[in-house]
Amino acid sequence: LLLDEVAHLKSSIPASKEKLRARFSGACQLVVSWRGRPSDKRRAVLIAHVDQEGFLVREFDRSGRYAYCWHTSAEAPDMDLVRGSEVRLVAPDKVVRGKVEEVREVPSPTSGRPFNHEVRVGIEDRSRVRNPRIIKNEYFEGYGNYELPAWVLKDGMISATHVDNVAGVSVLVALLNAMVRNNWRVNADFLFTTCEEAGFCGVVAEILDAGGETLAGQTDGDIVCIVVDSSSSVKFCETRLWTDEVYETGWAPAEIELRCPVVRTADLYGVFDPEVAKLLYSAAASVQAAAGRHDRICWSGRRRPSVAEKRRGSLKKEGAEPSGPPSKTSVAVGAMRGGWCEATPLSLQGSIRRLAGLEPLRLRCGAIAIPISDYRNVYRKERHPEMCHEDALRGACELLGEAVHLCHRWPFGLRANGAARTIPKEQEILKKLMHWQQLYGALSSVTNCWVEQAKKRGEVS
């Protein structure tokens, strides 16, 4: 679907063909590049993951009564919660519905049986279907997730099976459209990673891709990585950016409003580059200043709106008329400790590459997050869709759009070096990441089948 979107942009906007490029990296991750300032070395790498926690179908029982699956989280699921859950499984020739009857631990996972928990699904209903996008491979023959409403929008609240990955991808796709359709003079790579739920394998593979061009830079500060993720709204801790505040101990979790996007300064384990957080905060301030002047600009007859206001307008739905001044949703700044995201492996990329005998990359990393409720589909020990607010998605788009422009002129060289702060239990985290990479990293290579097909169709280079 992402390749379809790129192909549509190229066909509908012929002038974009020289600037817009889709490719698969050496680590089998999809990268969409936009070069609006080809002479400028600095660029932003915007990252979101496309996989979701769920099931990979290992095999269907010959009797047609059972499906045997892996649960795709790197860490063991809550057995009592998973057992009895209604699930939907999709294979190339059928859609299957049933319930989880048994969850069995596999004590010694191997590359052939990578996950340490196997799920048996009792099949209750099946229908024949043909979906050419699902291709059999040596690792699995289908995928699945919990049987929950796929997508609902009501009173500004978005409910989806997995907001965790849908939100970040939707923000990047909206921004890509604005960038191409309005011919922004920026350089950006949109990196869509796989295998995040299985232990950040996609982004770690990208870090270890010695010959790759996505994260490789020439001089310090050329690359600004911004992860777009989601996290639990009840594990927020406010941060004061212009102090030497440390998040290691003594933080008090609080709940944050769902309609408020967050400049994420830390996750459960990592602390990100404070200079990228300051850049994102400044971008948010610029957008909010433009929003505050919106009624004066649009209805006073002023002919030349501010640059930030133009960018805000380019992110609106094409042809839509303003119904009034936009909401002035604030942007929060702080740590979100509900889980961890790809910004932690990126902050540890120097140590990860040294383990492989490679030189550290020259990049800076930060993150923005969408607050979500019913994190990981759990509410009072029952299955529910995750939820976020459309204002948070809209605010994240506006913030990120301004940040991509701002990163070209942000004076990183006048401030302290972008070395990541000390991460508590760093060696323990590295050991865990590399263990997951060894077990699950091959799952990222399943995209090879899409790579070959896309190359034949001329959609990627």
# chains A, B, ... in the order shown; residues from 1 in each chain; ligands from 1

call {"tool": "select_by_dssp", "arguments": {"residues": "stretch 332-363 of chain A", "states": "alpha helix (DSSP H)", "output": "list in words"}}
result
Ala343, Thr344, Pro345, Leu346, Ser347, Gln349, Gly350, Ser351, Ile352, Arg353, Arg354 and Leu355 of chain A

call {"tool": "closest_atom_pairs", "arguments": {"of": "stretch 185-245 of chain A", "to": "stretch 52-76 of chain A", "cutoff": "9 Å", "atoms": "only C-alpha atoms", "output": "tab-separated table"}}
result
residue	atom	partner	partner_atom	distance
A:Thr194	CA	A:Gln52	CA	9.0
A:Cys195	CA	A:Gln52	CA	8.3
A:Glu196	CA	A:Gln52	CA	7.8
A:Glu197	CA	A:Ser73	CA	5.2
A:Ala198	CA	A:Ala74	CA	4.4
A:Gly199	CA	A:Ala74	CA	5.5

call {"tool": "closest_residue", "arguments": {"among": "A:Phe200, A:Tyr146, A:Trp340, A:Phe192", "to": "A:Arg264", "atoms": "only C-alpha atoms"}}
result
A:Trp340

call {"tool": "atom_distance", "arguments": {"atom1": "atom CA of A:Ser230", "atom2": "atom CA of A:Thr214"}}
result
22.9 Å

call {"tool": "residues_around", "arguments": {"residues": "A:Asp374", "least_positions_apart": "4", "cutoff": "12 Å", "atoms": "only C-alpha atoms", "output": "compact mmCIF listing (two decimals) with N, CA, C and O atoms, in the first residue's frame"}}
result
# COMPACT_ATOMS: atom_id res chain seq x y z
N SER A 159 -10.56 4.64 17.14
CA SER A 159 -10.35 3.33 17.72
C SER A 159 -9.87 2.40 16.62
O SER A 159 -10.44 2.37 15.53
N ALA A 160 -8.82 1.66 16.88
CA ALA A 160 -8.26 0.75 15.89
C ALA A 160 -7.64 -0.44 16.59
O ALA A 160 -7.33 -0.40 17.79
N THR A 161 -7.47 -1.52 15.84
CA THR A 161 -6.89 -2.73 16.40
C THR A 161 -5.54 -2.43 17.01
O THR A 161 -5.23 -2.86 18.11
N HIS A 162 -4.71 -1.70 16.28
CA HIS A 162 -3.38 -1.36 16.77
C HIS A 162 -3.05 0.07 16.39
O HIS A 162 -2.44 0.32 15.35
N VAL A 163 -3.46 1.02 17.19
CA VAL A 163 -3.08 2.41 16.97
C VAL A 163 -1.56 2.54 17.01
O VAL A 163 -0.97 3.38 16.33
N ASP A 164 -0.91 1.67 17.77
CA ASP A 164 0.53 1.75 17.97
C ASP A 164 1.30 1.89 16.67
O ASP A 164 2.25 2.67 16.57
N SER A 230 3.83 5.66 19.35
CA SER A 230 2.72 5.86 20.28
C SER A 230 3.10 5.26 21.63
O SER A 230 3.96 4.38 21.70
N SER A 231 2.45 5.73 22.68
CA SER A 231 2.74 5.18 24.00
C SER A 231 1.56 5.43 24.92
O SER A 231 0.70 6.27 24.64
N SER A 232 1.53 4.70 26.01
CA SER A 232 0.42 4.80 26.96
C SER A 232 0.28 6.21 27.52
O SER A 232 1.25 6.83 27.95
N SER A 233 -0.95 6.70 27.53
CA SER A 233 -1.21 8.06 28.00
C SER A 233 -1.05 8.20 29.51
O SER A 233 -1.01 9.31 30.03
N VAL A 234 -0.95 7.08 30.23
CA VAL A 234 -0.90 7.16 31.70
C VAL A 234 0.52 7.07 32.25
O VAL A 234 0.72 7.03 33.46
N LEU A 258 -5.37 12.88 25.63
CA LEU A 258 -5.16 12.14 24.38
C LEU A 258 -5.01 13.06 23.18
O LEU A 258 -4.39 12.68 22.18
N GLY A 338 5.54 4.18 29.01
CA GLY A 338 4.67 3.03 28.84
C GLY A 338 5.34 1.87 28.15
O GLY A 338 4.96 0.71 28.31
N VAL A 378 -5.42 -3.68 26.00
CA VAL A 378 -5.79 -4.21 27.31
C VAL A 378 -6.52 -3.15 28.13
O VAL A 378 -6.03 -2.03 28.28
N TYR A 379 -7.69 -3.50 28.62
CA TYR A 379 -8.42 -2.63 29.54
C TYR A 379 -9.10 -3.52 30.57
O TYR A 379 -9.99 -4.31 30.26
N ARG A 380 -8.65 -3.41 31.82
CA ARG A 380 -9.20 -4.21 32.92
C ARG A 380 -9.22 -5.70 32.55
O ARG A 380 -10.23 -6.39 32.72
N LYS A 381 -8.10 -6.14 32.04
CA LYS A 381 -7.90 -7.56 31.71
C LYS A 381 -8.85 -8.06 30.61
O LYS A 381 -9.11 -9.25 30.49
N GLU A 382 -9.35 -7.14 29.79
CA GLU A 382 -10.18 -7.51 28.66
C GLU A 382 -9.60 -6.89 27.40
O GLU A 382 -8.88 -5.89 27.45
N ARG A 383 -9.97 -7.47 26.25
CA ARG A 383 -9.49 -6.97 24.96
C ARG A 383 -10.33 -5.80 24.49
O ARG A 383 -11.56 -5.88 24.48
N HIS A 384 -9.66 -4.71 24.11
CA HIS A 384 -10.33 -3.53 23.57
C HIS A 384 -9.47 -2.95 22.45
O HIS A 384 -8.25 -3.14 22.44
N PRO A 385 -10.07 -2.22 21.52
CA PRO A 385 -9.25 -1.48 20.54
C PRO A 385 -8.44 -0.40 21.27
O PRO A 385 -8.88 0.15 22.28
N GLU A 386 -7.26 -0.11 20.75
CA GLU A 386 -6.52 1.06 21.24
C GLU A 386 -7.18 2.31 20.70
O GLU A 386 -7.85 2.27 19.65
N MET A 387 -6.99 3.43 21.38
CA MET A 387 -7.64 4.68 20.97
C MET A 387 -6.67 5.85 21.02
O MET A 387 -5.80 5.91 21.91
N CYS A 388 -6.82 6.76 20.08
CA CYS A 388 -6.10 8.03 20.10
C CYS A 388 -7.05 9.11 19.62
O CYS A 388 -8.17 8.84 19.21

call {"tool": "closest_residue", "arguments": {"among": "A:Leu241, A:Asn137, A:Asn165, A:Ser351", "to": "A:Arg376", "atoms": "only C-alpha atoms"}}
result
A:Asn165

call {"tool": "select_by_dssp", "arguments": {"residues": "stretch 64-312 of chain A", "states": "strand (DSSP E or B)", "output": "ChimeraX atom specification"}}
result
/A:66-71,86-91,94-105,117-128,143-146,151-154,157-160,187-193,223-232,236-238,254,262-266,271

call {"tool": "closest_residue", "arguments": {"among": "A:Asp189, A:Asp4, A:Glu138, A:Asp209", "to": "A:Ser33", "atoms": "only C-alpha atoms"}}
result
A:Asp189

call {"tool": "closest_residue", "arguments": {"among": "A:Ala266, A:Val224, A:Ala91, A:Gly212", "to": "A:Phe236", "atoms": "only C-alpha atoms"}}
result
A:Ala266

call {"tool": "closest_residue", "arguments": {"among": "A:Leu348, A:Met336, A:Val90, A:Leu175", "to": "A:Leu208", "atoms": "only C-alpha atoms"}}
result
A:Leu348

call {"tool": "closest_residue", "arguments": {"among": "A:Ser445, A:His389, A:Ala44, A:Glu342", "to": "A:Leu363", "atoms": "only C-alpha atoms"}}
result
A:Ala44

call {"tool": "closest_atom_pairs", "arguments": {"of": "stretch 35-117 of chain A", "to": "stretch 395-404 of chain A", "cutoff": "12 Å", "atoms": "only C-alpha atoms", "output": "CSV"}}
result
residue,atom,partner,partner_atom,distance
A:Gly36,CA,A:Val404,CA,11.4
A:Arg37,CA,A:Val404,CA,11.9
A:Arg42,CA,A:Val404,CA,10.4
A:Arg43,CA,A:Val404,CA,8.0
A:Ala44,CA,A:Val404,CA,6.3
A:Val45,CA,A:Val404,CA,9.1
A:Leu46,CA,A:Leu400,CA,9.0
A:Ile47,CA,A:Leu400,CA,11.5

call {"tool": "residues_around", "arguments": {"residues": "A:Asn183", "least_positions_apart": "4", "cutoff": "12 Å", "atoms": "only C-alpha atoms", "output": "PyMOL selection string"}}
result
chain A and resi 9+13-20+34-37+175-179+187+311+314
